[in-house]
Amino acid sequence: MSAASTPTLAEIRDWPATVNVPEAARAIGISKSHFFELIKRGEAPVAVLSFGARHRVVTASLVRLLEGA
């Protein structure tokens, strides 16, 4: 898989428990800047863990979102 390609659901299921915002944004097909804006507004479509200015996206939440799509 190239860095710019969209990962498959099977690949996402194999990801670690949490991933960074750019990787999660790529998985759901939006820009990382848009994803950061959604997080800032409290409107992210997935579970996000925030540690100060750092954010991690819960992979299981990504899987649930994509399974419902």
# chains A, B, ... in the order shown; residues from 1 in each chain; ligands from 1
>>> residues_around(residues="range 53-60 of chain A", least_positions_apart="2", cutoff="7 Å", atoms="only C-alpha atoms", output="ChimeraX atom specification")
/A:15,17-21,24,47-51,62-64
>>> select_by_dssp(residues="range 16-69 of chain A", states="alpha helix (DSSP H)", output="number ranges by chain")
A: 21-28, 32-41, 59-68
>>> select_by_dssp(residues="chain A", states="strand (DSSP E)", output="MDAnalysis selection string")
chainID A and resid 18:20 48:51 54:58
>>> atom_distance(atom1="CA of Leu66 in chain A", atom2="CA of Glu23 in chain A")
14.1 Å
